[in-house]
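Undergrad: Input structure: start-v8.csv, which contains CSV, C-alpha atoms.
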chain,number,residue,atom,x,y,z
A,1,MET,CA,-25.4,7.5,11.3
A,2,THR,CA,-22.1,8.3,9.7
A,3,THR,CA,-21.5,11.7,11.2
A,4,PRO,CA,-18.0,13.0,11.8
A,5,GLU,CA,-18.6,12.6,15.6
A,6,HIS,CA,-19.6,9.0,15.1
A,7,MET,CA,-16.6,8.2,13.0
A,8,GLN,CA,-14.2,9.9,15.5
A,9,GLN,CA,-15.9,7.9,18.3
A,10,THR,CA,-15.5,4.7,16.3
A,11,VAL,CA,-11.7,5.3,15.9
A,12,ASP,CA,-11.4,6.1,19.6
A,13,ARG,CA,-13.3,2.9,20.5
A,14,TYR,CA,-11.2,0.9,18.1
A,15,LEU,CA,-7.9,2.0,19.7
A,16,ALA,CA,-9.2,1.6,23.2
A,17,ALA,CA,-10.4,-1.9,22.5
A,18,ILE,CA,-7.0,-3.0,21.2
A,19,ASN,CA,-5.3,-1.4,24.2
A,20,ALA,CA,-7.8,-3.4,26.4
A,21,GLY,CA,-7.1,-6.6,24.5
A,22,ASP,CA,-10.8,-6.9,23.8
A,23,MET,CA,-11.0,-8.2,20.3
A,24,ASP,CA,-14.7,-8.8,20.5
A,25,ALA,CA,-15.1,-5.1,21.0
A,26,VAL,CA,-13.0,-4.5,17.9
A,27,ILE,CA,-15.2,-6.8,15.9
A,28,ALA,CA,-18.4,-5.1,17.1
A,29,LEU,CA,-17.3,-2.0,15.2
A,30,TYR,CA,-17.3,-3.9,11.9
A,31,ALA,CA,-20.3,-4.6,9.6
A,32,ASP,CA,-21.2,-8.3,9.2
A,33,ASN,CA,-19.9,-8.2,5.6
A,34,ALA,CA,-16.8,-6.2,6.3
A,35,SER,CA,-13.4,-6.7,4.7
A,36,VAL,CA,-10.1,-6.0,6.3
A,37,GLU,CA,-7.0,-5.5,4.1
A,38,ASP,CA,-4.1,-5.4,6.5
A,39,PRO,CA,-1.5,-4.6,5.2
A,40,ALA,CA,-2.7,-2.9,2.0
A,41,GLY,CA,-2.0,-5.2,-1.0
A,42,THR,CA,-2.8,-8.4,0.7
A,43,GLU,CA,-6.0,-10.5,0.3
A,44,PRO,CA,-8.8,-9.0,2.3
A,45,LYS,CA,-10.0,-11.0,5.3
A,46,ARG,CA,-13.7,-11.5,5.9
A,47,GLY,CA,-16.1,-13.0,8.4
A,48,ALA,CA,-14.6,-15.1,11.2
A,49,ASP,CA,-11.1,-14.6,9.8
A,50,ILE,CA,-11.2,-11.0,10.9
A,51,LEU,CA,-11.5,-11.9,14.6
A,52,GLN,CA,-8.8,-14.6,14.2
A,53,PHE,CA,-6.6,-12.1,12.5
A,54,TYR,CA,-6.9,-9.6,15.4
A,55,LYS,CA,-6.4,-12.3,18.0
A,56,ASN,CA,-3.2,-13.5,16.3
A,57,ALA,CA,-1.8,-10.0,15.6
A,58,PHE,CA,-2.2,-8.9,19.2
A,59,ALA,CA,-1.7,-12.2,21.0
A,60,GLY,CA,1.0,-10.7,23.1
A,61,GLY,CA,-0.7,-7.5,23.8
A,62,ALA,CA,-0.3,-4.0,22.2
A,63,THR,CA,-0.4,-0.4,23.0
A,64,VAL,CA,-1.8,1.8,20.2
A,65,ALA,CA,-2.0,5.7,20.1
A,66,LEU,CA,-2.9,8.3,17.6
A,67,THR,CA,0.1,10.3,16.3
A,68,GLY,CA,-2.1,13.0,14.6
A,69,PRO,CA,-5.7,14.1,14.1
A,70,VAL,CA,-8.3,11.7,12.6
A,71,ARG,CA,-9.1,12.9,9.1
A,72,LEU,CA,-12.9,12.8,8.6
A,73,SER,CA,-14.2,12.9,5.0
A,74,ALA,CA,-17.8,12.2,3.9
A,75,LYS,CA,-18.0,8.5,4.8
A,76,ALA,CA,-14.4,7.6,5.8
A,77,ALA,CA,-11.9,8.2,8.6
A,78,ALA,CA,-8.2,8.1,8.1
A,79,PHE,CA,-5.8,8.1,11.1
A,80,PRO,CA,-2.1,7.8,11.8
A,81,PHE,CA,-1.1,5.8,14.8
A,82,ARG,CA,1.8,4.0,16.5
A,83,ALA,CA,1.5,0.4,17.6
A,84,GLU,CA,3.9,-1.1,20.2
A,85,ILE,CA,3.3,-4.8,19.8
A,86,THR,CA,4.5,-7.3,22.4
A,87,ARG,CA,5.1,-10.5,20.5
A,88,THR,CA,4.9,-13.9,22.0
A,89,GLU,CA,8.3,-14.6,20.4
A,90,GLY,CA,11.0,-12.0,19.6
A,91,PRO,CA,11.4,-8.4,20.7
A,92,THR,CA,8.7,-5.9,21.0
A,93,ILE,CA,8.2,-4.0,17.7
A,94,ILE,CA,6.9,-0.5,17.0
A,95,VAL,CA,4.9,0.0,13.8
A,96,GLU,CA,3.8,3.3,12.3
A,97,VAL,CA,0.5,2.7,10.6
A,98,ILE,CA,-2.2,4.7,8.7
A,99,ASP,CA,-5.7,3.0,8.8
A,100,ILE,CA,-8.6,3.9,6.6
A,101,PHE,CA,-12.1,3.1,7.8
A,102,GLU,CA,-14.9,3.2,5.2
A,103,PHE,CA,-18.3,3.3,6.8
A,104,ASP,CA,-21.7,2.0,5.7
A,105,ASP,CA,-25.0,3.7,6.2
A,106,ASP,CA,-25.5,2.0,9.6
A,107,GLY,CA,-22.3,3.6,10.9
A,108,LYS,CA,-20.4,0.3,10.9
A,109,VAL,CA,-16.9,-0.1,9.4
A,110,ALA,CA,-17.5,-1.9,6.0
A,111,ARG,CA,-13.9,-1.8,4.8
A,112,MET,CA,-10.6,-1.3,6.6
A,113,THR,CA,-7.2,-0.8,4.9
A,114,ALA,CA,-4.0,-0.6,6.9
A,115,TYR,CA,-1.0,1.1,5.3
A,116,PHE,CA,2.5,0.2,6.5
A,117,GLY,CA,5.5,-1.9,5.4
A,118,PRO,CA,9.0,-3.0,6.5
A,119,ALA,CA,10.2,0.7,6.4
A,120,ASN,CA,7.7,1.5,9.2
A,121,ILE,CA,8.7,-1.3,11.6
A,122,THR,CA,11.4,-0.8,14.2
A,123,VAL,CA,12.5,-3.0,17.1
A,124,LYS,CA,12.0,-1.4,20.5
A,125,GLU,CA,15.2,-0.6,22.3
A,126,ALA,CA,15.6,-2.6,25.4
B,1,MET,CA,9.8,0.4,-10.3
B,2,THR,CA,7.5,0.5,-7.3
B,3,THR,CA,10.2,0.1,-4.6
B,4,PRO,CA,9.7,1.7,-1.2
B,5,GLU,CA,12.5,4.2,-2.1
B,6,HIS,CA,10.7,5.2,-5.3
B,7,MET,CA,7.4,5.7,-3.5
B,8,GLN,CA,9.1,7.8,-0.8
B,9,GLN,CA,10.8,9.9,-3.5
B,10,THR,CA,7.5,10.4,-5.3
B,11,VAL,CA,5.9,11.7,-2.1
B,12,ASP,CA,8.9,14.0,-1.5
B,13,ARG,CA,8.7,15.3,-5.1
B,14,TYR,CA,5.0,15.8,-4.8
B,15,LEU,CA,5.2,18.0,-1.7
B,16,ALA,CA,8.2,19.9,-3.2
B,17,ALA,CA,6.4,20.6,-6.4
B,18,ILE,CA,3.4,22.0,-4.5
B,19,ASN,CA,5.7,24.2,-2.4
B,20,ALA,CA,7.3,25.4,-5.6
B,21,GLY,CA,4.0,26.1,-7.2
B,22,ASP,CA,5.0,23.8,-10.1
B,23,MET,CA,1.7,22.0,-11.0
B,24,ASP,CA,3.2,20.5,-14.1
B,25,ALA,CA,5.8,18.7,-11.9
B,26,VAL,CA,2.9,17.5,-9.8
B,27,ILE,CA,1.1,16.1,-12.9
B,28,ALA,CA,4.3,14.4,-14.1
B,29,LEU,CA,4.1,12.0,-11.1
B,30,TYR,CA,0.7,10.8,-12.3
B,31,ALA,CA,0.0,8.0,-14.9
B,32,ASP,CA,-1.9,9.1,-18.0
B,33,ASN,CA,-5.0,7.3,-16.9
B,34,ALA,CA,-4.8,8.4,-13.2
B,35,SER,CA,-7.7,9.3,-11.0
B,36,VAL,CA,-7.7,11.8,-8.2
B,37,GLU,CA,-10.4,11.6,-5.5
B,38,ASP,CA,-9.9,14.8,-3.5
B,39,PRO,CA,-11.6,14.8,-1.0
B,40,ALA,CA,-12.6,11.2,-0.5
B,41,GLY,CA,-16.2,10.6,-1.4
B,42,THR,CA,-16.3,13.1,-4.4
B,43,GLU,CA,-16.3,12.1,-8.1
B,44,PRO,CA,-12.7,11.3,-9.1
B,45,LYS,CA,-11.0,13.7,-11.5
B,46,ARG,CA,-9.2,12.5,-14.6
B,47,GLY,CA,-7.1,13.7,-17.5
B,48,ALA,CA,-6.8,17.5,-17.9
B,49,ASP,CA,-9.2,18.0,-15.0
B,50,ILE,CA,-6.4,17.0,-12.6
B,51,LEU,CA,-4.1,19.8,-13.7
B,52,GLN,CA,-6.9,22.3,-13.5
B,53,PHE,CA,-7.9,21.0,-10.1
B,54,TYR,CA,-4.3,21.6,-8.7
B,55,LYS,CA,-4.1,25.0,-10.3
B,56,ASN,CA,-7.4,26.0,-8.7
B,57,ALA,CA,-6.6,24.5,-5.3
B,58,PHE,CA,-3.2,26.2,-5.0
B,59,ALA,CA,-3.9,29.4,-7.0
B,60,GLY,CA,-2.8,31.6,-4.1
B,61,GLY,CA,0.2,29.4,-3.1
B,62,ALA,CA,0.6,26.8,-0.4
B,63,THR,CA,3.1,25.4,2.0
B,64,VAL,CA,2.8,21.6,2.6
B,65,ALA,CA,4.9,19.5,5.0
B,66,LEU,CA,4.8,15.9,6.3
B,67,THR,CA,3.5,15.5,9.9
B,68,GLY,CA,4.7,11.9,10.2
B,69,PRO,CA,6.4,9.1,8.4
B,70,VAL,CA,5.3,8.0,4.9
B,71,ARG,CA,3.7,4.5,5.3
B,72,LEU,CA,5.0,2.3,2.5
B,73,SER,CA,3.1,-0.9,1.7
B,74,ALA,CA,3.5,-3.2,-1.3
B,75,LYS,CA,2.3,-0.8,-4.0
B,76,ALA,CA,0.9,2.2,-2.1
B,77,ALA,CA,2.1,5.1,0.0
B,78,ALA,CA,0.1,6.8,2.7
B,79,PHE,CA,1.2,10.0,4.3
B,80,PRO,CA,-0.1,12.6,6.7
B,81,PHE,CA,0.6,16.3,6.0
B,82,ARG,CA,-0.4,19.8,6.8
B,83,ALA,CA,-1.2,22.3,4.1
B,84,GLU,CA,-1.2,26.0,4.7
B,85,ILE,CA,-3.2,27.4,1.8
B,86,THR,CA,-3.1,31.0,0.9
B,87,ARG,CA,-6.4,31.7,-0.8
B,88,THR,CA,-7.0,34.4,-3.4
B,89,GLU,CA,-10.0,35.5,-1.3
B,90,GLY,CA,-10.5,35.0,2.4
B,91,PRO,CA,-8.0,34.1,5.1
B,92,THR,CA,-5.2,31.5,4.9
B,93,ILE,CA,-6.4,28.1,6.0
B,94,ILE,CA,-4.6,25.1,7.5
B,95,VAL,CA,-5.8,21.7,6.5
B,96,GLU,CA,-4.7,18.4,8.0
B,97,VAL,CA,-4.8,15.7,5.3
B,98,ILE,CA,-3.9,12.1,4.7
B,99,ASP,CA,-3.2,11.2,1.1
B,100,ILE,CA,-3.0,7.7,-0.4
B,101,PHE,CA,-1.0,7.1,-3.6
B,102,GLU,CA,-1.5,3.8,-5.4
B,103,PHE,CA,1.2,3.1,-7.9
B,104,ASP,CA,1.2,1.3,-11.2
B,105,ASP,CA,3.9,-1.0,-12.5
B,106,ASP,CA,5.7,2.0,-14.1
B,107,GLY,CA,6.1,3.7,-10.8
B,108,LYS,CA,3.5,6.4,-11.6
B,109,VAL,CA,0.6,7.3,-9.3
B,110,ALA,CA,-2.5,5.6,-10.8
B,111,ARG,CA,-4.9,6.6,-8.0
B,112,MET,CA,-4.8,9.3,-5.4
B,113,THR,CA,-7.3,9.7,-2.6
B,114,ALA,CA,-7.2,12.6,-0.1
B,115,TYR,CA,-8.8,12.2,3.3
B,116,PHE,CA,-9.9,15.3,5.1
B,117,GLY,CA,-13.1,17.2,5.9
B,118,PRO,CA,-14.4,20.3,7.7
B,119,ALA,CA,-13.2,19.0,11.1
B,120,ASN,CA,-9.6,19.2,9.7
B,121,ILE,CA,-9.7,22.8,8.5
B,122,THR,CA,-8.8,25.7,10.6
B,123,VAL,CA,-8.3,29.4,9.9
B,124,LYS,CA,-4.8,30.6,10.4
B,125,GLU,CA,-4.4,33.1,13.3
B,126,ALA,CA,-3.4,36.6,12.0
Just give me the structure of the file as structure tokens.
TA:
Amino acid sequence: MTTPEHMQQTVDRYLAAINAGDMDAVIALYADNASVEDPAGTEPKRGADILQFYKNAFAGGATVALTGPVRLSAKAAAFPFRAEITRTEGPTIIVEVIDIFEFDDDGKVARMTAYFGPANITVKEA
Amino acid sequence: MTTPEHMQQTVDRYLAAINAGDMDAVIALYADNASVEDPAGTEPKRGADILQFYKNAFAGGATVALTGPVRLSAKAAAFPFRAEITRTEGPTIIVEVIDIFEFDDDGKVARMTAYFGPANITVKEA
């Protein structure tokens, strides 16, 4: 199941689901035992905490778009993207992120790691 | 030692060393016990195999350049780059890569993972 085409489609569906505000569609891409380390270096989230994390992170809505090609290795996809996040409080922020999706044999995302930090966050000009 | 500034400088030095063909300068960025998984999904290289790997990979010379900002999380840097690799046999190829550097407490790269695959490799037009 973990063909390059499948991994590319999963990334496309992931970004489309965030843009649509459909966090259940995001979660459907993950394996039941998936872990989400976002940002890298924090305790990985699992189970129901993953859905709650996405709901919180994008509570005000977000626009995400690739800023370069999806890198497709044997069982992983790495992709650079820009997220414009409308927060429920405070100004809209722009975050430059690189996500890694590691896939299981069923083609689900078993592990996600998101790389970014304060240096990658800017406040959107009004 | 693992400040965002240090991690950014390490990435800059890494790319400059490859462009200069100075593989000893590349190796100097790595911890003694580092592992290099390039591409992701292959057996990690260690010790003297890392230097040999770089010498082989860039035997014909290469030009590498960032294609987006370096993402700087707590103890890791993720960066998208394009490598134009002159091979000793066959045409020059262009590879779109995302590298992850994980740093140890001494500010050395303890683990590198390179994400790319056949979908990210193109032959340079003559």
Undergrad: May I ask which of the residues A:Ala34, A:Ala40, A:Val11, A:Val26 is the closest one to chain B, counting only C-alpha atoms?
TA: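 That would be A:Ala40, the residue with the smallest distance to chain B.
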Undergrad: Go through A:Ala77, A:Ala110, A:Val123, A:Val36 one by one, measure the shortest atom-to-atom distance of each to Thr92 (chain A) using only C-alpha atoms, and give the residue with the smallest value.
TA: A:Val123
Undergrad: If we count all atoms listed in the file and set the cut-off at 7 Å, which residues sit around region 48-58 of chain A, ignoring sequence neighbours fewer than 5 positions away in its own chain? Please answer as number ranges by chain.
TA: A: 23, 27, 36, 85
Undergrad: Determine which residues of chain B sit within 9 Å of chain A, taking into account all atoms listed in the file, and present them as a ChimeraX atom specification.
TA: /B:4,39-42,67-80,96-98,100,114-120
Undergrad: Tell me, in Å to one decimal, how far CA of Arg111 (chain A) is from CA of Pro44 (chain A).
TA: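 Taking CA of Arg111 (chain A) and CA of Pro44 (chain A), their separation equals 9.2 Å.
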Undergrad: Nearest residue to Thr122 (chain B) out of B:Asp22, B:Asp12, B:Asp32, B:Glu84, using only C-alpha atoms?
TA: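 Distance minimum relative to Thr122 (chain B) lands on B:Glu84.
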Undergrad: What is the CA of Lys124 (chain B)-CA of Ala62 (chain B) distance in Å, reported with one decimal?
TA: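 Rounded to one decimal, the two atoms are 12.7 Å apart.
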Undergrad: Can you tell me how far CA of Ala59 (chain A) sits from CA of Thr86 (chain A), in Å to one decimal?
TA: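 Taking CA of Ala59 (chain A) and CA of Thr86 (chain A), their separation equals 8.0 Å.
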